[in-house]
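See below for the structure under consideration.
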Amino acid sequence: MLGKSAGGLFWMFRYLERSENLARLLEAGFRIALTRSSAATSEWQSVIATAGVTEGFVARHSEYNAPNVVDFLLRDRDNTSSVRYVIEQARTNARLVRTALTREVWEATNECWMVLDQALQRPIRERDLPSVLATIKQQSTLVRGTLVGTMLRNDIYNFARLGTFIERTDNTARILDVKYYVLLPSLSHIGSSLDNVQWETILRSVSANRSYRWLNGEDINPTSIADFLILDRSMPRSIAHCMEEIVDNLDQLSNRYGERSECAEQATEMFSKLDRQPIDSILASGLHEFLKGFIQDTGQLSGQIEQDYRFYS
Amino acid sequence: MSESKNDYDEMFGGAGDVREPYREYHDWVNSEDPGQLLRKSAEAETFFRRTGITFNVYGDTENTERLIPFDVVPRILSAWQWSKLARGIEQRVRAINAFLYDLYHQQEIIKAGRIPERLIAENSAFEPKMIGVNPPGGVYTHIVGIDLVRTDDNEFFVLEDNARTPSGVSYMLENRETMMQMFPELFSRIPVQNVGDYPKNLRRTLARSAPSACNGRPTIAVLTPGIHNSAYFEHSFLADQMGAELVEGHDLRVIDGRVAMRTTRGYEPIDVIYRRVDDEYLDPMNFNPDSMLGVPGILDVYRSGGITIANAPGTGVADDKAVYSYMPDIVEFYTGETPILKNVDTWRCSEPDSLAYVLDNLEELVVKEVHGSGGYGMLIGPTASKREIARFRKLLKNRPENYIAQPTLALSTVPILTKAGLAPRHVDLRPFVLVSPDRIDITPGGLTRVALKKGSLVVNSSQGGGTKDTWVLED
């Protein structure tokens, strides 16, 4: 396949994943704003920080509140991390790689764009926000469903999955990094009700509030949250699960092409390093430092994939 | 010319009786609920939008993707009408290829005095770098679209030859697909010749024209200017349907005398390239140095037999409107036969007598730019304002050689579905022809374009035209 097409697929699925993550992030933030009005401002601030768009937001808005944040992350075309922008980009990339997609995947992507373009035409009223966020998650899920259900399991599929999991692992790491301070051991034994809300928010941002309870019952504590989101391979948005998928897809590509790539080496190394560390030692040596390093490594890995498979040159 | 009672309608005869090819269809449409048909019509639009069958409009920033309106009433041709047209088309296409070969070799037709030398010498589409080059299999124009108009039962005229990069075939295919989804019962009731083989035939045509450097199964790619091109949908559609790669200039590079594409595993050679990029932009080393769309050095690879370019560079010299006026001579010269298809009478404004006539009769004539296309730069005398006519008078006097003029034809009409029922609108027809070294395939029918505005003669999609499914009945 063309290097350009591999790049197009990779980014198409990174953007789709990003739209879904933005919706989750807003959902969690909105919930806090509704239940803890005193914490709302700082919560919106961390939503913006997690999306990595603090600079752009501050240039545009003077206050961290629901209407501003919602509008900026959902509708603002000048914000390259708004749902509207990333969905346009996902669809543009899909057009670019149209010949690599089944009709079903293409039509689902096109439909996703049409539905969201319509839904995001006008500012979102508070009472419409839940249904708009649900639509965003649903549309991106539909595309993923057609991918899984109709595409050949070949290199095309591998590049699509790589985009998904690179974006997802980066997103989970960012969520944790913005909130790492509420998971620090020094604060954990205080266990105030505000902490509880913060912990729940983290879980909600990755749609894992309920699955966490199923695993841990009512015992909600920062160490096991960190363990769940970083090291639990059964959790589909955990860093370990994403890394496992990345390694698996890169291994498959190496086998298909009969040549072990540099990025496969890098990913394997990242994954085994992750595997060797129990959560206590990650927390002991500094959660923030760990996440910062991981986000950096992920960026490097993404660049290496791009280079090894000749996305642009 | 506006609508008059004298325009030939392809469905209804003079006394309102239904013409033969439309009888079955007319019975069916009469038994249908008109409201239901209109709903289906709206459904078709949703279908096209979902599928992404859109075209981009240049210079339009906000709503850059548009649909070409689709009308659900098919245009129907009988088997014998079609077979006569197909013979004429085949003859004309053979002549065009022979003409191109001759122009780039001995130029016998000029030596014989059948066309003036300046027609070629002054033609910017003539490509000196193609002189003496032998394209693989001897084919210059593999993919041709011949635009036809009809004025009476048996009167078809060629309006234009498209020998460079004719577009629209994806609409022909998707229109049929849409009709079969919406009205399956019609197709079980009326036997219509299949058009769906086109992508397979296109692939075969390209494969059979593979260059000498190709060993084994040829690698085929469609070269597109990119996602912002107005016909991008068609480029990706054809690549997808053929199972060919869709490439842009920056995916390609000349390596070891071959054109190669950048894949995830390194550069791999291409054997045949179906280019949808104009000559001028094809090779910045040999043509326009500013082009970002082409491949530096591709022409040198072509000349040394390392790749097939379809259509060949320099084919445009055969399809401009000044050459068009000589087509009857050209057909006769190379086939030794009387042309089966008629040309529209054409005044070459480069000739003083013709220019004088044209200037005296501007209100009656259609004036076209020799190199124009898409219905732009055109004057339709009978519907033009006084100001427009005055403007063209000036243009003609300044650069007469840049224009030709033709009588305004009474184009045939076919009904479209409107809220008020069936209403006649003017149409043309673009059949699509594939030329292999050893055979010519013509898809039965083609793309019918229809002027949706009452009385309008402009069928171009960029100017409010729509399309129809075109049926050729089984014998």
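Within each chain, counting starts at residue 1; across the structure tokens, chains are named A, B, ... in the order shown, with ligands numbered 1 upward in that order.
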Return as number ranges by chain the residues belonging to chain B that are within 7 Å of chain A, counting only C-alpha atoms.
B: 50-51, 227, 236, 239-240, 262-265
Neighbours of Thr178 (chain B) within 9 Å (only C-alpha atoms; same-chain residues fewer than 6 positions away dropped), as a ChimeraX atom specification?
/B:44,47-48,469
Please dump the current selection as a PDB file, in the first residue's frame; keep N, CA and C atoms.
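Written output follows (again_0.pdb):
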ATOM      1  N   ALA B  44     -33.077   9.688  -3.550  1.00  0.00           N
ATOM      2  CA  ALA B  44     -31.884   9.569  -4.390  1.00  0.00           C
ATOM      3  C   ALA B  44     -30.838  10.584  -3.941  1.00  0.00           C
ATOM      4  N   PHE B  47     -29.101   9.416  -0.922  1.00  0.00           N
ATOM      5  CA  PHE B  47     -28.203   8.336  -1.302  1.00  0.00           C
ATOM      6  C   PHE B  47     -26.882   8.884  -1.856  1.00  0.00           C
ATOM      7  N   PHE B  48     -26.999   9.854  -2.752  1.00  0.00           N
ATOM      8  CA  PHE B  48     -25.795  10.435  -3.356  1.00  0.00           C
ATOM      9  C   PHE B  48     -24.940  11.130  -2.289  1.00  0.00           C
ATOM     10  N   ASP B 469     -30.107   8.651 -15.778  1.00  0.00           N
ATOM     11  CA  ASP B 469     -29.647   7.331 -16.189  1.00  0.00           C
ATOM     12  C   ASP B 469     -29.999   7.170 -17.669  1.00  0.00           C
TER      13      ASP B 469
END
Residue contacts of Gln296 (chain A) (12 Å, only C-alpha atoms) excluding same-chain residues fewer than 2 positions away, as a PyMOL selection string
chain A and resi 166+169-170+173-174+270+289-294+298-303
Please compute the CA of Glu65 (chain B)-CA of Glu88 (chain A) distance, one decimal, in Å.
13.0 Å
Spatial neighbours of region 208-210 of chain A, 10 Å, only C-alpha atoms, chain gap at least 6 places, as a PyMOL selection string
chain A and resi 199-202+216-217+225+228-229+235-238
Kindly save the residues from that selection, with C-alpha atoms included, as an mmCIF file, in the first residue's frame.
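Everything below was put into result.cif:
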data_model
loop_
_atom_site.group_PDB
_atom_site.id
_atom_site.type_symbol
_atom_site.label_atom_id
_atom_site.label_comp_id
_atom_site.auth_asym_id
_atom_site.auth_seq_id
_atom_site.Cartn_x
_atom_site.Cartn_y
_atom_site.Cartn_z
ATOM 1 C CA TRP A 199 -11.316 10.077 41.424
ATOM 2 C CA GLU A 200 -14.694 9.369 39.941
ATOM 3 C CA THR A 201 -14.153 12.037 37.342
ATOM 4 C CA ILE A 202 -10.969 10.364 36.211
ATOM 5 C CA ASN A 216 -13.021 -3.287 43.150
ATOM 6 C CA GLY A 217 -16.394 -2.987 44.793
ATOM 7 C CA ILE A 225 -7.293 3.708 40.109
ATOM 8 C CA PHE A 228 -6.420 0.169 36.679
ATOM 9 C CA LEU A 229 -5.750 2.951 34.160
ATOM 10 C CA MET A 235 -9.229 -2.294 30.671
ATOM 11 C CA PRO A 236 -9.621 -1.196 27.008
ATOM 12 C CA ARG A 237 -8.485 2.360 27.596
ATOM 13 C CA SER A 238 -5.591 1.584 29.907
#
Looking only at strand (DSSP E or B) from DSSP on the backbone, list the matching residues of region 109-243 of chain B as a ChimeraX atom specification.
/B:143-152,155-162,192,220-223
Write out as JSON, numbers by chain all residues of region 95-277 of chain B that backbone DSSP assigns to helix (DSSP H, G or I).
{"B": [95, 96, 97, 98, 99, 100, 101, 102, 103, 108, 109, 110, 111, 117, 118, 119, 120, 121, 128, 129, 130, 136, 137, 138, 169, 170, 171, 172, 173, 174, 175, 176, 177, 178, 179, 180, 181, 182, 184, 185, 186, 187, 188, 189, 198, 199, 200, 201, 202, 203, 204, 205, 206, 207, 208, 232, 233, 234, 235, 236, 237, 238, 239, 240, 241, 242, 249, 250, 251]}
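For Asp428 (chain B), the residues within 7 Å (counting only C-alpha atoms, excluding itself and residues fewer than 5 positions away along the chain) are B:Leu148, B:Val149, B:Thr448, B:Arg449, B:Val450.
Take CA of Ser281 (chain A) and CA of Asp195 (chain A): the distance between them is 22.2 Å.
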Please provide as a PDB file with C-alpha atoms, in the first residue's frame all residues within 7 Å of Phe13 (chain A), with the sequence filter that same-chain residues fewer than 5 positions apart are discarded (counting only C-alpha atoms).
ATOM      1  CA  ALA A  90     -11.071  12.403   9.891  1.00  0.00           C
ATOM      2  CA  ALA A 160      -6.097   2.069  11.338  1.00  0.00           C
ATOM      3  CA  GLY A 163      -3.905   5.366  14.952  1.00  0.00           C
ATOM      4  CA  THR A 164      -6.669   4.430  17.379  1.00  0.00           C
TER       5      THR A 164
END
Could you check which of B:Pro400, B:Gly52, B:Pro328, B:Gly314 is closest to Arg91 (chain A), using only C-alpha atoms?
B:Gly52
I want to know what sits within 8 Å of region 128-142 of chain A, based on only C-alpha atoms, with residues of the same chain fewer than 2 positions away left out; could you give that as number ranges by chain?
A: 16-17, 19-20, 23-24, 26-27, 108-109, 112, 116, 119, 124-126, 144-146
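CA of Leu452 (chain B) is found 6.4 Å from CA of Arg425 (chain B).
Comparing B:Lys40, B:Arg348, B:Arg387, B:His371 by their smallest distance to Gln181 (chain B), the closest is B:Lys40 (using only C-alpha atoms).
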